[in-house]
Structure formats: C-alpha cells, structure tokens
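Undergrad: This is the content of target.cif (mmCIF, N, CA and C atoms):
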data_run
#
loop_
_atom_site.label_atom_id
_atom_site.label_comp_id
_atom_site.auth_asym_id
_atom_site.auth_seq_id
_atom_site.Cartn_x
_atom_site.Cartn_y
_atom_site.Cartn_z
N MET T 219 11.84 17.37 13.19
CA MET T 219 10.57 17.13 12.51
C MET T 219 9.43 17.26 13.52
N ARG T 220 8.41 18.00 13.17
CA ARG T 220 7.27 18.18 14.06
C ARG T 220 6.47 16.89 14.19
N LEU T 221 5.71 16.77 15.28
CA LEU T 221 4.90 15.57 15.50
C LEU T 221 3.92 15.33 14.38
N LEU T 222 3.30 16.39 13.85
CA LEU T 222 2.34 16.23 12.76
C LEU T 222 3.01 15.59 11.55
N GLU T 223 4.22 16.05 11.23
CA GLU T 223 4.93 15.47 10.10
C GLU T 223 5.25 14.01 10.34
N LEU T 224 5.61 13.65 11.57
CA LEU T 224 5.91 12.26 11.88
C LEU T 224 4.69 11.37 11.72
N SER T 225 3.52 11.86 12.13
CA SER T 225 2.33 11.03 12.04
C SER T 225 1.82 10.91 10.60
N ASN T 226 2.37 11.72 9.70
CA ASN T 226 2.01 11.65 8.29
C ASN T 226 2.85 10.63 7.52
N LEU T 227 3.68 9.84 8.17
CA LEU T 227 4.58 8.94 7.48
C LEU T 227 3.92 7.69 6.93
N MET T 228 2.65 7.50 7.11
CA MET T 228 1.94 6.37 6.53
C MET T 228 1.07 6.90 5.42
N PRO T 229 0.79 6.15 4.44
CA PRO T 229 1.00 4.72 4.27
C PRO T 229 2.31 4.41 3.53
N PHE T 230 2.70 3.13 3.60
CA PHE T 230 3.78 2.73 2.72
C PHE T 230 3.34 1.49 1.97
N VAL T 231 3.84 1.40 0.75
CA VAL T 231 3.42 0.37 -0.19
C VAL T 231 4.64 -0.46 -0.55
N GLU T 232 4.49 -1.77 -0.49
CA GLU T 232 5.54 -2.68 -0.92
C GLU T 232 5.05 -3.39 -2.19
N ILE T 233 5.83 -3.33 -3.25
CA ILE T 233 5.47 -4.00 -4.50
C ILE T 233 6.56 -5.03 -4.76
N ILE T 234 6.17 -6.29 -4.67
CA ILE T 234 7.12 -7.40 -4.71
C ILE T 234 6.93 -8.21 -5.99
N GLY T 235 8.05 -8.54 -6.63
CA GLY T 235 8.02 -9.41 -7.80
C GLY T 235 7.79 -8.68 -9.10
N ILE T 236 8.02 -7.40 -9.10
CA ILE T 236 7.77 -6.61 -10.31
C ILE T 236 9.01 -6.59 -11.19
N LYS T 237 8.78 -6.74 -12.49
CA LYS T 237 9.86 -6.64 -13.47
C LYS T 237 9.57 -5.41 -14.31
N ALA T 238 10.38 -4.38 -14.14
CA ALA T 238 10.14 -3.13 -14.87
C ALA T 238 11.43 -2.34 -14.92
N ASP T 239 11.55 -1.52 -15.96
CA ASP T 239 12.72 -0.64 -16.05
C ASP T 239 12.43 0.64 -15.26
N ALA T 240 13.42 1.52 -15.20
CA ALA T 240 13.30 2.74 -14.39
C ALA T 240 12.13 3.62 -14.83
N ALA T 241 11.91 3.74 -16.14
CA ALA T 241 10.81 4.57 -16.63
C ALA T 241 9.46 3.97 -16.23
N GLU T 242 9.34 2.66 -16.34
CA GLU T 242 8.09 1.99 -15.95
C GLU T 242 7.86 2.11 -14.44
N LEU T 243 8.93 1.93 -13.65
CA LEU T 243 8.80 2.07 -12.20
C LEU T 243 8.38 3.48 -11.83
N SER T 244 8.89 4.46 -12.54
CA SER T 244 8.51 5.85 -12.29
C SER T 244 7.02 6.06 -12.56
N LYS T 245 6.51 5.49 -13.65
CA LYS T 245 5.08 5.60 -13.97
C LYS T 245 4.24 4.89 -12.92
N ILE T 246 4.72 3.73 -12.47
CA ILE T 246 4.00 2.99 -11.43
C ILE T 246 3.99 3.80 -10.14
N ALA T 247 5.14 4.37 -9.77
CA ALA T 247 5.22 5.17 -8.55
C ALA T 247 4.25 6.34 -8.59
N THR T 248 4.19 7.02 -9.73
CA THR T 248 3.29 8.15 -9.90
C THR T 248 1.83 7.69 -9.80
N GLY T 249 1.50 6.60 -10.49
CA GLY T 249 0.13 6.10 -10.49
C GLY T 249 -0.32 5.55 -9.15
N VAL T 250 0.56 4.79 -8.50
CA VAL T 250 0.20 4.23 -7.19
C VAL T 250 0.05 5.35 -6.16
N THR T 251 0.94 6.32 -6.20
CA THR T 251 0.83 7.45 -5.27
C THR T 251 -0.51 8.16 -5.48
N ALA T 252 -0.86 8.44 -6.72
CA ALA T 252 -2.14 9.10 -7.01
C ALA T 252 -3.31 8.24 -6.54
N ALA T 253 -3.24 6.94 -6.77
CA ALA T 253 -4.32 6.03 -6.35
C ALA T 253 -4.48 6.04 -4.82
N VAL T 254 -3.38 6.01 -4.12
CA VAL T 254 -3.41 6.01 -2.66
C VAL T 254 -3.93 7.35 -2.13
N VAL T 255 -3.44 8.44 -2.69
CA VAL T 255 -3.88 9.77 -2.27
C VAL T 255 -5.38 9.93 -2.50
N ASN T 256 -5.85 9.54 -3.68
CA ASN T 256 -7.26 9.73 -4.03
C ASN T 256 -8.21 8.82 -3.28
N THR T 257 -7.78 7.61 -2.94
CA THR T 257 -8.69 6.68 -2.27
C THR T 257 -8.56 6.68 -0.76
N LEU T 258 -7.37 6.99 -0.24
CA LEU T 258 -7.17 6.97 1.21
C LEU T 258 -7.16 8.36 1.84
N SER T 259 -7.25 9.38 1.01
CA SER T 259 -7.29 10.77 1.50
C SER T 259 -6.09 11.12 2.37
N VAL T 260 -4.90 10.87 1.83
CA VAL T 260 -3.66 11.23 2.52
C VAL T 260 -2.86 12.15 1.61
N PRO T 261 -1.98 12.96 2.17
CA PRO T 261 -1.13 13.81 1.33
C PRO T 261 -0.11 12.97 0.56
N ALA T 262 0.21 13.38 -0.65
CA ALA T 262 1.15 12.64 -1.50
C ALA T 262 2.50 12.46 -0.82
N GLU T 263 2.94 13.48 -0.07
CA GLU T 263 4.25 13.39 0.55
C GLU T 263 4.33 12.34 1.66
N THR T 264 3.21 11.73 2.03
CA THR T 264 3.22 10.68 3.05
C THR T 264 3.35 9.29 2.46
N VAL T 265 3.23 9.16 1.16
CA VAL T 265 3.23 7.84 0.51
C VAL T 265 4.66 7.43 0.18
N THR T 266 5.06 6.28 0.69
CA THR T 266 6.37 5.71 0.40
C THR T 266 6.15 4.38 -0.30
N ILE T 267 6.91 4.13 -1.37
CA ILE T 267 6.78 2.89 -2.13
C ILE T 267 8.12 2.19 -2.16
N TYR T 268 8.11 0.90 -1.87
CA TYR T 268 9.30 0.06 -1.96
C TYR T 268 9.08 -0.95 -3.08
N PHE T 269 9.98 -0.99 -4.04
CA PHE T 269 9.93 -1.98 -5.11
C PHE T 269 10.93 -3.09 -4.77
N THR T 270 10.45 -4.32 -4.76
CA THR T 270 11.33 -5.46 -4.50
C THR T 270 11.20 -6.42 -5.68
N PRO T 271 12.23 -6.46 -6.53
CA PRO T 271 12.17 -7.40 -7.66
C PRO T 271 12.41 -8.83 -7.17
N SER T 272 12.05 -9.78 -7.97
CA SER T 272 12.40 -11.17 -7.66
C SER T 272 12.76 -11.86 -8.96
N TYR T 273 13.64 -12.81 -8.84
CA TYR T 273 14.07 -13.57 -10.00
C TYR T 273 13.07 -14.69 -10.26
N PRO T 274 12.90 -15.10 -11.52
CA PRO T 274 11.94 -16.17 -11.82
C PRO T 274 12.17 -17.43 -11.00
N THR T 275 13.41 -17.74 -10.70
CA THR T 275 13.68 -18.94 -9.92
C THR T 275 13.45 -18.73 -8.43
N HIS T 276 13.08 -17.52 -8.03
CA HIS T 276 12.83 -17.21 -6.63
C HIS T 276 11.35 -17.09 -6.33
N TYR T 277 10.51 -17.66 -7.17
CA TYR T 277 9.08 -17.58 -6.99
C TYR T 277 8.47 -18.95 -7.21
N ALA T 278 7.77 -19.44 -6.21
CA ALA T 278 7.08 -20.73 -6.32
C ALA T 278 5.64 -20.55 -5.88
N HIS T 279 4.78 -21.33 -6.47
CA HIS T 279 3.36 -21.32 -6.10
C HIS T 279 2.90 -22.77 -6.10
N GLY T 280 2.24 -23.17 -5.04
CA GLY T 280 1.79 -24.55 -4.95
C GLY T 280 2.94 -25.54 -4.91
N GLY T 281 4.09 -25.10 -4.45
CA GLY T 281 5.24 -25.99 -4.33
C GLY T 281 6.10 -26.10 -5.57
N SER T 282 5.75 -25.36 -6.63
CA SER T 282 6.50 -25.45 -7.88
C SER T 282 6.98 -24.07 -8.32
N ILE T 283 8.16 -24.04 -8.93
CA ILE T 283 8.66 -22.81 -9.53
C ILE T 283 7.72 -22.47 -10.69
N ILE T 284 7.33 -21.22 -10.78
CA ILE T 284 6.35 -20.77 -11.78
C ILE T 284 7.07 -20.14 -12.96
N GLU T 285 6.50 -20.31 -14.14
CA GLU T 285 7.03 -19.65 -15.33
C GLU T 285 6.97 -18.14 -15.13
N PRO T 286 8.00 -17.41 -15.59
CA PRO T 286 8.03 -15.96 -15.38
C PRO T 286 6.78 -15.24 -15.88
N ALA T 287 6.18 -15.70 -16.95
CA ALA T 287 5.00 -15.03 -17.50
C ALA T 287 3.81 -15.11 -16.54
N ARG T 288 3.80 -16.08 -15.66
CA ARG T 288 2.68 -16.26 -14.73
C ARG T 288 3.00 -15.77 -13.33
N GLN T 289 4.15 -15.17 -13.15
CA GLN T 289 4.52 -14.72 -11.81
C GLN T 289 3.58 -13.63 -11.32
N ARG T 290 3.16 -13.77 -10.10
CA ARG T 290 2.31 -12.77 -9.49
C ARG T 290 3.13 -11.60 -9.00
N ILE T 291 2.49 -10.47 -8.97
CA ILE T 291 3.04 -9.29 -8.30
C ILE T 291 2.23 -9.14 -7.02
N PHE T 292 2.93 -9.03 -5.90
CA PHE T 292 2.26 -8.83 -4.62
C PHE T 292 2.42 -7.38 -4.19
N VAL T 293 1.31 -6.79 -3.82
CA VAL T 293 1.30 -5.41 -3.34
C VAL T 293 0.79 -5.45 -1.91
N LYS T 294 1.58 -4.92 -1.01
CA LYS T 294 1.17 -4.81 0.39
C LYS T 294 0.91 -3.33 0.67
N LEU T 295 -0.31 -3.04 1.07
CA LEU T 295 -0.67 -1.67 1.44
C LEU T 295 -0.67 -1.60 2.96
N ASN T 296 0.34 -1.00 3.51
CA ASN T 296 0.47 -0.83 4.95
C ASN T 296 -0.18 0.50 5.31
N ILE T 297 -1.36 0.41 5.92
CA ILE T 297 -2.16 1.61 6.16
C ILE T 297 -2.82 1.56 7.52
N LEU T 298 -3.29 2.71 7.96
CA LEU T 298 -4.17 2.74 9.11
C LEU T 298 -5.53 2.24 8.64
N ALA T 299 -6.28 1.61 9.52
CA ALA T 299 -7.52 0.93 9.17
C ALA T 299 -8.48 1.84 8.41
N ARG T 300 -9.11 1.26 7.39
CA ARG T 300 -10.10 1.97 6.57
C ARG T 300 -11.35 1.09 6.42
N SER T 301 -12.41 1.68 5.94
CA SER T 301 -13.65 0.94 5.72
C SER T 301 -13.52 0.03 4.50
N ILE T 302 -14.42 -0.90 4.38
CA ILE T 302 -14.39 -1.83 3.25
C ILE T 302 -14.59 -1.10 1.93
N GLY T 303 -15.40 -0.06 1.91
CA GLY T 303 -15.60 0.70 0.68
C GLY T 303 -14.32 1.38 0.23
N VAL T 304 -13.60 1.94 1.17
CA VAL T 304 -12.32 2.58 0.84
C VAL T 304 -11.33 1.53 0.35
N ARG T 305 -11.29 0.38 1.01
CA ARG T 305 -10.37 -0.69 0.57
C ARG T 305 -10.73 -1.16 -0.83
N ARG T 306 -12.00 -1.27 -1.15
CA ARG T 306 -12.41 -1.68 -2.51
C ARG T 306 -11.89 -0.71 -3.55
N ARG T 307 -12.10 0.59 -3.30
CA ARG T 307 -11.64 1.60 -4.25
C ARG T 307 -10.12 1.62 -4.36
N ALA T 308 -9.44 1.49 -3.24
CA ALA T 308 -7.97 1.48 -3.25
C ALA T 308 -7.44 0.27 -4.00
N ALA T 309 -8.04 -0.89 -3.79
CA ALA T 309 -7.58 -2.11 -4.47
C ALA T 309 -7.69 -1.95 -5.98
N ALA T 310 -8.81 -1.46 -6.46
CA ALA T 310 -9.00 -1.29 -7.90
C ALA T 310 -8.03 -0.26 -8.47
N ALA T 311 -7.89 0.87 -7.80
CA ALA T 311 -7.03 1.94 -8.31
C ALA T 311 -5.56 1.54 -8.30
N VAL T 312 -5.11 0.90 -7.23
CA VAL T 312 -3.71 0.48 -7.15
C VAL T 312 -3.42 -0.63 -8.16
N CYS T 313 -4.34 -1.56 -8.33
CA CYS T 313 -4.15 -2.63 -9.32
C CYS T 313 -3.97 -2.04 -10.72
N ASP T 314 -4.82 -1.09 -11.08
CA ASP T 314 -4.68 -0.42 -12.38
C ASP T 314 -3.34 0.28 -12.50
N ALA T 315 -2.93 0.98 -11.45
CA ALA T 315 -1.69 1.75 -11.49
C ALA T 315 -0.46 0.87 -11.63
N VAL T 316 -0.52 -0.34 -11.10
CA VAL T 316 0.61 -1.28 -11.22
C VAL T 316 0.58 -1.96 -12.59
N ALA T 317 -0.57 -2.40 -13.02
CA ALA T 317 -0.68 -3.22 -14.24
C ALA T 317 -0.45 -2.43 -15.52
N MET T 318 -1.01 -1.25 -15.63
CA MET T 318 -1.03 -0.53 -16.90
C MET T 318 0.36 -0.20 -17.46
N PRO T 319 1.28 0.37 -16.69
CA PRO T 319 2.57 0.75 -17.28
C PRO T 319 3.40 -0.43 -17.80
N ILE T 320 3.15 -1.62 -17.26
CA ILE T 320 3.94 -2.78 -17.69
C ILE T 320 3.10 -3.82 -18.42
N ASN T 321 1.84 -3.46 -18.72
CA ASN T 321 0.93 -4.35 -19.43
C ASN T 321 0.86 -5.73 -18.77
N HIS T 322 0.69 -5.72 -17.45
CA HIS T 322 0.65 -6.97 -16.67
C HIS T 322 -0.80 -7.38 -16.48
N ASN T 323 -1.08 -8.66 -16.55
CA ASN T 323 -2.42 -9.18 -16.35
C ASN T 323 -2.86 -8.91 -14.91
N GLN T 324 -3.97 -8.21 -14.74
CA GLN T 324 -4.45 -7.88 -13.40
C GLN T 324 -4.77 -9.12 -12.58
N ARG T 325 -5.08 -10.22 -13.23
CA ARG T 325 -5.36 -11.46 -12.48
C ARG T 325 -4.13 -11.96 -11.73
N ASP T 326 -2.96 -11.49 -12.14
CA ASP T 326 -1.71 -11.91 -11.51
C ASP T 326 -1.17 -10.83 -10.57
N ILE T 327 -2.05 -9.98 -10.08
CA ILE T 327 -1.67 -8.97 -9.09
C ILE T 327 -2.51 -9.21 -7.84
N ALA T 328 -1.83 -9.48 -6.75
CA ALA T 328 -2.50 -9.69 -5.46
C ALA T 328 -2.21 -8.50 -4.56
N ILE T 329 -3.25 -7.95 -3.97
CA ILE T 329 -3.10 -6.80 -3.08
C ILE T 329 -3.56 -7.21 -1.69
N TYR T 330 -2.69 -7.01 -0.73
CA TYR T 330 -3.00 -7.33 0.66
C TYR T 330 -2.99 -6.03 1.47
N PHE T 331 -4.03 -5.85 2.24
CA PHE T 331 -4.11 -4.70 3.13
C PHE T 331 -3.58 -5.12 4.49
N LEU T 332 -2.54 -4.48 4.92
CA LEU T 332 -1.97 -4.71 6.25
C LEU T 332 -2.34 -3.50 7.09
N GLU T 333 -3.50 -3.60 7.69
CA GLU T 333 -4.06 -2.45 8.40
C GLU T 333 -3.70 -2.50 9.88
N ARG T 334 -3.50 -1.34 10.39
CA ARG T 334 -3.13 -1.19 11.79
C ARG T 334 -3.98 -0.09 12.41
N SER T 335 -4.13 -0.16 13.71
CA SER T 335 -4.73 0.94 14.44
C SER T 335 -3.60 1.86 14.87
N ILE T 336 -3.93 3.02 15.38
CA ILE T 336 -2.90 3.96 15.80
C ILE T 336 -2.13 3.43 17.01
N GLU T 337 -2.67 2.42 17.68
CA GLU T 337 -1.96 1.79 18.80
C GLU T 337 -0.86 0.85 18.31
N GLU T 338 -0.86 0.54 17.02
CA GLU T 338 0.10 -0.42 16.46
C GLU T 338 1.10 0.21 15.51
N VAL T 339 1.15 1.54 15.48
CA VAL T 339 2.06 2.23 14.58
C VAL T 339 2.91 3.20 15.39
N SER T 340 4.20 3.19 15.11
CA SER T 340 5.12 4.08 15.78
C SER T 340 5.99 4.78 14.75
N HIS T 341 6.20 6.06 14.95
CA HIS T 341 7.15 6.83 14.15
C HIS T 341 8.09 7.52 15.13
N ALA T 342 9.37 7.42 14.87
CA ALA T 342 10.39 8.02 15.73
C ALA T 342 10.28 7.52 17.16
N GLY T 343 9.86 6.27 17.32
CA GLY T 343 9.78 5.67 18.64
C GLY T 343 8.58 6.09 19.47
N ILE T 344 7.62 6.76 18.86
CA ILE T 344 6.43 7.21 19.59
C ILE T 344 5.20 6.56 18.95
N LEU T 345 4.41 5.87 19.76
CA LEU T 345 3.17 5.30 19.25
C LEU T 345 2.25 6.42 18.81
N GLU T 346 1.56 6.22 17.69
CA GLU T 346 0.64 7.25 17.20
C GLU T 346 -0.44 7.57 18.23
N CYS T 347 -0.88 6.58 19.01
CA CYS T 347 -1.91 6.83 20.02
C CYS T 347 -1.42 7.75 21.12
N ASP T 348 -0.11 7.87 21.28
CA ASP T 348 0.46 8.73 22.31
C ASP T 348 0.67 10.17 21.84
N ARG T 349 0.43 10.43 20.58
CA ARG T 349 0.56 11.79 20.06
C ARG T 349 -0.68 12.59 20.44
N LEU T 350 -0.54 13.88 20.50
CA LEU T 350 -1.68 14.73 20.76
C LEU T 350 -2.71 14.55 19.65
N THR T 351 -3.98 14.53 19.99
CA THR T 351 -5.03 14.38 18.99
C THR T 351 -4.91 15.44 17.90
N SER T 352 -4.56 16.64 18.27
CA SER T 352 -4.43 17.72 17.29
C SER T 352 -3.30 17.45 16.30
N ASP T 353 -2.35 16.61 16.66
CA ASP T 353 -1.24 16.29 15.78
C ASP T 353 -1.54 15.12 14.85
N ARG T 354 -2.73 14.54 14.96
CA ARG T 354 -3.06 13.44 14.07
C ARG T 354 -4.50 13.55 13.55
N THR T 355 -4.98 14.76 13.40
CA THR T 355 -6.36 14.98 12.96
C THR T 355 -6.60 14.49 11.54
N HIS T 356 -5.55 14.32 10.74
CA HIS T 356 -5.73 13.83 9.38
C HIS T 356 -5.97 12.33 9.33
N ILE T 357 -5.77 11.65 10.45
CA ILE T 357 -5.90 10.19 10.47
C ILE T 357 -7.34 9.83 10.76
N PRO T 358 -7.99 9.07 9.86
CA PRO T 358 -9.35 8.65 10.15
C PRO T 358 -9.35 7.62 11.27
N VAL T 359 -10.18 7.80 12.26
CA VAL T 359 -10.27 6.85 13.36
C VAL T 359 -11.34 5.85 13.00
N VAL T 360 -10.92 4.60 12.86
CA VAL T 360 -11.81 3.53 12.41
C VAL T 360 -11.62 2.35 13.33
N SER T 361 -12.70 1.75 13.73
CA SER T 361 -12.60 0.54 14.55
C SER T 361 -12.06 -0.60 13.73
N THR T 362 -11.19 -1.40 14.33
CA THR T 362 -10.65 -2.56 13.64
C THR T 362 -11.29 -3.85 14.15
N THR T 363 -12.35 -3.73 14.93
CA THR T 363 -12.98 -4.92 15.47
C THR T 363 -13.84 -5.65 14.45
N SER T 364 -14.31 -4.95 13.44
CA SER T 364 -15.10 -5.57 12.38
C SER T 364 -14.42 -5.32 11.05
N SER T 365 -14.10 -6.39 10.34
CA SER T 365 -13.39 -6.24 9.06
C SER T 365 -14.35 -5.96 7.91
N ASN T 366 -15.65 -5.85 8.20
CA ASN T 366 -16.59 -5.69 7.11
C ASN T 366 -17.57 -4.55 7.35
N PHE T 367 -17.13 -3.51 8.06
CA PHE T 367 -18.03 -2.39 8.32
C PHE T 367 -18.19 -1.55 7.07
N GLN T 368 -19.27 -0.82 7.01
CA GLN T 368 -19.54 0.04 5.87
C GLN T 368 -19.08 1.45 6.18
N GLU T 369 -18.92 2.25 5.14
CA GLU T 369 -18.50 3.64 5.32
C GLU T 369 -19.59 4.43 5.98
#
Re-express the file's structure as structure tokens.
TA:
Amino acid sequence: MRLLELSNLMPFVEIIGIKADAAELSKIATGVTAAVVNTLSVPAETVTIYFTPSYPTHYAHGGSIIEPARQRIFVKLNILARSIGVRRRAAAAVCDAVAMPINHNQRDIAIYFLERSIEEVSHAGILECDRLTSDRTHIPVVSTTSSNFQE
C-alpha cells in the first residue's frame, strides 16, 4: 500500500448502542459515509464505520439502568482536527444520518469528536507527521491549540 493510501485511512466512526437490522445499518452506513465525505472533505473510501450494539441491561445513565426506549446512541467521530464550523455541519449531518433510518429521537444521539493532530495518528506504524508532505496533501492542517477557532 502506498503512503498516500495509508494516510487516507481516517476518519473512522464508532456508533455505540444502536439497535437496527442489517438493512437499517446499511442505510445508516451509506448516510453517515455521505455526511462525513460532504462535511469533512475526505474520500468515501477512507471512511470506516464500526457498529457496536448494546443490550438494554448494559446501559446506565446517572447510576440507573435506562429503559430501552430512552437509550442513547453514542457516535464517536475519530478525525483529524477541524474547525468549529466543520464540526457543526458534521454533527448535524451525522445525527440525521443515524436517526432517520431507525426513526430514533435525535435528542438521544450524542456525538463526540475525538480529534487528533497528525502527530497523534499512526497508520502501519508510521506517524502521519513523519510522512512526506506530498503524501498527505489531502489532510487539512489545523491548529489544535484553540477548540473554538473559526473557519
């Protein structure tokens, strides 16, 4: 695999606590991939999604087991750092893509951005910062020192 292909392995999305059949998961995968591609400006082939179901008895909030109807779905967007405007658009688009196919209340979907700099991401044992700049030109370089910068 070429270095450029290795550096394209982000982002990956973890969707935890989702209850859906194969057809619904397929629709969610298609919608989330499109949302990530359109808002984060990455190629579709770089988006990886992990679905992790949970049983109703395996979810507690505030120290109590929650009724299945109120269970939250947690979405972790593991991405290279983006501006607040991009994160806003991605949050809205991904929330829609998860909620719509399963008719889930958007208030019960939490999205967390787990952002990293290229110094904190490695593919095939090589830190992204150690790759040639020409091999990672698709990656937006964004400072992570301020969590509230504008585009």
Undergrad: Report the distance between atom C of Gly249 (chain T) and CA of Ala315 (chain T) in Å, rounded to one decimal place.
TA: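 Atom-to-atom, atom C of Gly249 (chain T) to CA of Ala315 (chain T), that is 4.7 Å.
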Undergrad: What are the closest atom pairs, with distances in Å to one decimal, for all residues of region 272-348 of chain T lying within 10 Å of region 224-245 of chain T? Consider only C-alpha atoms, order rows by chain and residue number, and present the result as JSON lines.
TA:
{"residue": "T:Ser272", "atom": "CA", "partner": "T:Gly235", "partner_atom": "CA", "distance": 4.7}
{"residue": "T:Tyr273", "atom": "CA", "partner": "T:Gly235", "partner_atom": "CA", "distance": 7.7}
{"residue": "T:Pro274", "atom": "CA", "partner": "T:Gly235", "partner_atom": "CA", "distance": 8.8}
{"residue": "T:His276", "atom": "CA", "partner": "T:Gly235", "partner_atom": "CA", "distance": 9.2}
{"residue": "T:Tyr277", "atom": "CA", "partner": "T:Gly235", "partner_atom": "CA", "distance": 8.3}
{"residue": "T:Pro286", "atom": "CA", "partner": "T:Lys237", "partner_atom": "CA", "distance": 9.7}
{"residue": "T:Gln289", "atom": "CA", "partner": "T:Gly235", "partner_atom": "CA", "distance": 7.5}
{"residue": "T:Arg290", "atom": "CA", "partner": "T:Gly235", "partner_atom": "CA", "distance": 6.8}
{"residue": "T:Ile291", "atom": "CA", "partner": "T:Gly235", "partner_atom": "CA", "distance": 5.0}
{"residue": "T:Phe292", "atom": "CA", "partner": "T:Ile234", "partner_atom": "CA", "distance": 5.1}
{"residue": "T:Val293", "atom": "CA", "partner": "T:Ile233", "partner_atom": "CA", "distance": 4.6}
{"residue": "T:Lys294", "atom": "CA", "partner": "T:Glu232", "partner_atom": "CA", "distance": 5.0}
{"residue": "T:Leu295", "atom": "CA", "partner": "T:Val231", "partner_atom": "CA", "distance": 4.9}
{"residue": "T:Asn296", "atom": "CA", "partner": "T:Phe230", "partner_atom": "CA", "distance": 5.3}
{"residue": "T:Ile297", "atom": "CA", "partner": "T:Pro229", "partner_atom": "CA", "distance": 4.8}
{"residue": "T:Leu298", "atom": "CA", "partner": "T:Pro229", "partner_atom": "CA", "distance": 7.4}
{"residue": "T:Val312", "atom": "CA", "partner": "T:Val231", "partner_atom": "CA", "distance": 10.0}
{"residue": "T:Ala315", "atom": "CA", "partner": "T:Lys245", "partner_atom": "CA", "distance": 8.2}
{"residue": "T:Val316", "atom": "CA", "partner": "T:Lys245", "partner_atom": "CA", "distance": 8.7}
{"residue": "T:Ala317", "atom": "CA", "partner": "T:Ile236", "partner_atom": "CA", "distance": 9.9}
{"residue": "T:Met318", "atom": "CA", "partner": "T:Lys245", "partner_atom": "CA", "distance": 9.1}
{"residue": "T:Pro319", "atom": "CA", "partner": "T:Glu242", "partner_atom": "CA", "distance": 5.8}
{"residue": "T:Ile320", "atom": "CA", "partner": "T:Glu242", "partner_atom": "CA", "distance": 6.6}
{"residue": "T:His322", "atom": "CA", "partner": "T:Ile236", "partner_atom": "CA", "distance": 9.6}
{"residue": "T:Ile327", "atom": "CA", "partner": "T:Gly235", "partner_atom": "CA", "distance": 9.8}
{"residue": "T:Ala328", "atom": "CA", "partner": "T:Ile233", "partner_atom": "CA", "distance": 9.8}
{"residue": "T:Ile329", "atom": "CA", "partner": "T:Ile233", "partner_atom": "CA", "distance": 9.1}
{"residue": "T:Tyr330", "atom": "CA", "partner": "T:Glu232", "partner_atom": "CA", "distance": 9.9}
{"residue": "T:Phe331", "atom": "CA", "partner": "T:Val231", "partner_atom": "CA", "distance": 9.7}
{"residue": "T:Leu332", "atom": "CA", "partner": "T:Val231", "partner_atom": "CA", "distance": 9.8}
{"residue": "T:Glu333", "atom": "CA", "partner": "T:Pro229", "partner_atom": "CA", "distance": 9.7}
{"residue": "T:Ile336", "atom": "CA", "partner": "T:Ser225", "partner_atom": "CA", "distance": 9.6}
{"residue": "T:Val339", "atom": "CA", "partner": "T:Met228", "partner_atom": "CA", "distance": 9.1}
{"residue": "T:Ser340", "atom": "CA", "partner": "T:Ser225", "partner_atom": "CA", "distance": 8.4}
{"residue": "T:His341", "atom": "CA", "partner": "T:Leu224", "partner_atom": "CA", "distance": 6.0}
{"residue": "T:Ala342", "atom": "CA", "partner": "T:Leu224", "partner_atom": "CA", "distance": 7.3}
{"residue": "T:Ile344", "atom": "CA", "partner": "T:Leu224", "partner_atom": "CA", "distance": 9.2}
{"residue": "T:Leu345", "atom": "CA", "partner": "T:Ser225", "partner_atom": "CA", "distance": 9.2}
{"residue": "T:Glu346", "atom": "CA", "partner": "T:Ser225", "partner_atom": "CA", "distance": 6.6}
{"residue": "T:Cys347", "atom": "CA", "partner": "T:Ser225", "partner_atom": "CA", "distance": 10.0}
Undergrad: Could you tell me how far atom C of Leu258 (chain T) sits from atom N of Gly303 (chain T), in Å to one decimal place?
TA: 11.8 Å
Undergrad: Evaluate the PyMOL selection byres ((chain T and resi 251) around 8) on the structure here and hand back the selected residues as an MDAnalysis selection string.
TA: chainID T and resid 245:250 252:257 261:262 265:267 312 315
Undergrad: As a PyMOL selection string, list the residues of region 222-342 of chain T assigned to strand (DSSP E or B) by DSSP on the backbone atoms of this structure.
TA: chain T and resi 230-234+266-270+278-279+282-283+291-298+327-334+340-341
Undergrad: Identify, with DSSP run on backbone atoms, the residues in region 280-348 of chain T assigned to alpha helix (DSSP H), and express the list as a compact mmCIF listing (two decimals) with N, CA and C atoms, keeping the file's coordinate frame.
TA:
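Once written, states10.txt looks like this:
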# COMPACT_ATOMS: atom_id res chain seq x y z
N ILE T 302 -14.42 -0.90 4.38
CA ILE T 302 -14.39 -1.83 3.25
C ILE T 302 -14.59 -1.10 1.93
N GLY T 303 -15.40 -0.06 1.91
CA GLY T 303 -15.60 0.70 0.68
C GLY T 303 -14.32 1.38 0.23
N VAL T 304 -13.60 1.94 1.17
CA VAL T 304 -12.32 2.58 0.84
C VAL T 304 -11.33 1.53 0.35
N ARG T 305 -11.29 0.38 1.01
CA ARG T 305 -10.37 -0.69 0.57
C ARG T 305 -10.73 -1.16 -0.83
N ARG T 306 -12.00 -1.27 -1.15
CA ARG T 306 -12.41 -1.68 -2.51
C ARG T 306 -11.89 -0.71 -3.55
N ARG T 307 -12.10 0.59 -3.30
CA ARG T 307 -11.64 1.60 -4.25
C ARG T 307 -10.12 1.62 -4.36
N ALA T 308 -9.44 1.49 -3.24
CA ALA T 308 -7.97 1.48 -3.25
C ALA T 308 -7.44 0.27 -4.00
N ALA T 309 -8.04 -0.89 -3.79
CA ALA T 309 -7.58 -2.11 -4.47
C ALA T 309 -7.69 -1.95 -5.98
N ALA T 310 -8.81 -1.46 -6.46
CA ALA T 310 -9.00 -1.29 -7.90
C ALA T 310 -8.03 -0.26 -8.47
N ALA T 311 -7.89 0.87 -7.80
CA ALA T 311 -7.03 1.94 -8.31
C ALA T 311 -5.56 1.54 -8.30
N VAL T 312 -5.11 0.90 -7.23
CA VAL T 312 -3.71 0.48 -7.15
C VAL T 312 -3.42 -0.63 -8.16
N CYS T 313 -4.34 -1.56 -8.33
CA CYS T 313 -4.15 -2.63 -9.32
C CYS T 313 -3.97 -2.04 -10.72
N ASP T 314 -4.82 -1.09 -11.08
CA ASP T 314 -4.68 -0.42 -12.38
C ASP T 314 -3.34 0.28 -12.50
N ALA T 315 -2.93 0.98 -11.45
CA ALA T 315 -1.69 1.75 -11.49
C ALA T 315 -0.46 0.87 -11.63
N VAL T 316 -0.52 -0.34 -11.10
CA VAL T 316 0.61 -1.28 -11.22
C VAL T 316 0.58 -1.96 -12.59
N ALA T 317 -0.57 -2.40 -13.02
CA ALA T 317 -0.68 -3.22 -14.24
C ALA T 317 -0.45 -2.43 -15.52
N MET T 318 -1.01 -1.25 -15.63
CA MET T 318 -1.03 -0.53 -16.90
C MET T 318 0.36 -0.20 -17.46
N PRO T 319 1.28 0.37 -16.69
CA PRO T 319 2.57 0.75 -17.28
C PRO T 319 3.40 -0.43 -17.80
N ILE T 320 3.15 -1.62 -17.26
CA ILE T 320 3.94 -2.78 -17.69
C ILE T 320 3.10 -3.82 -18.42
Undergrad: Please give the centre and size of the box around region 304-313 of chain T (axis-aligned, containing every atom listed in the file, 5 Å added per side), with values in Å to one decimal and written as lines of an AutoDock Vina configuration file.
TA:
center_x = -8.5
center_y = 0.0
center_z = -4.8
size_x = 20.2
size_y = 15.2
size_z = 21.9
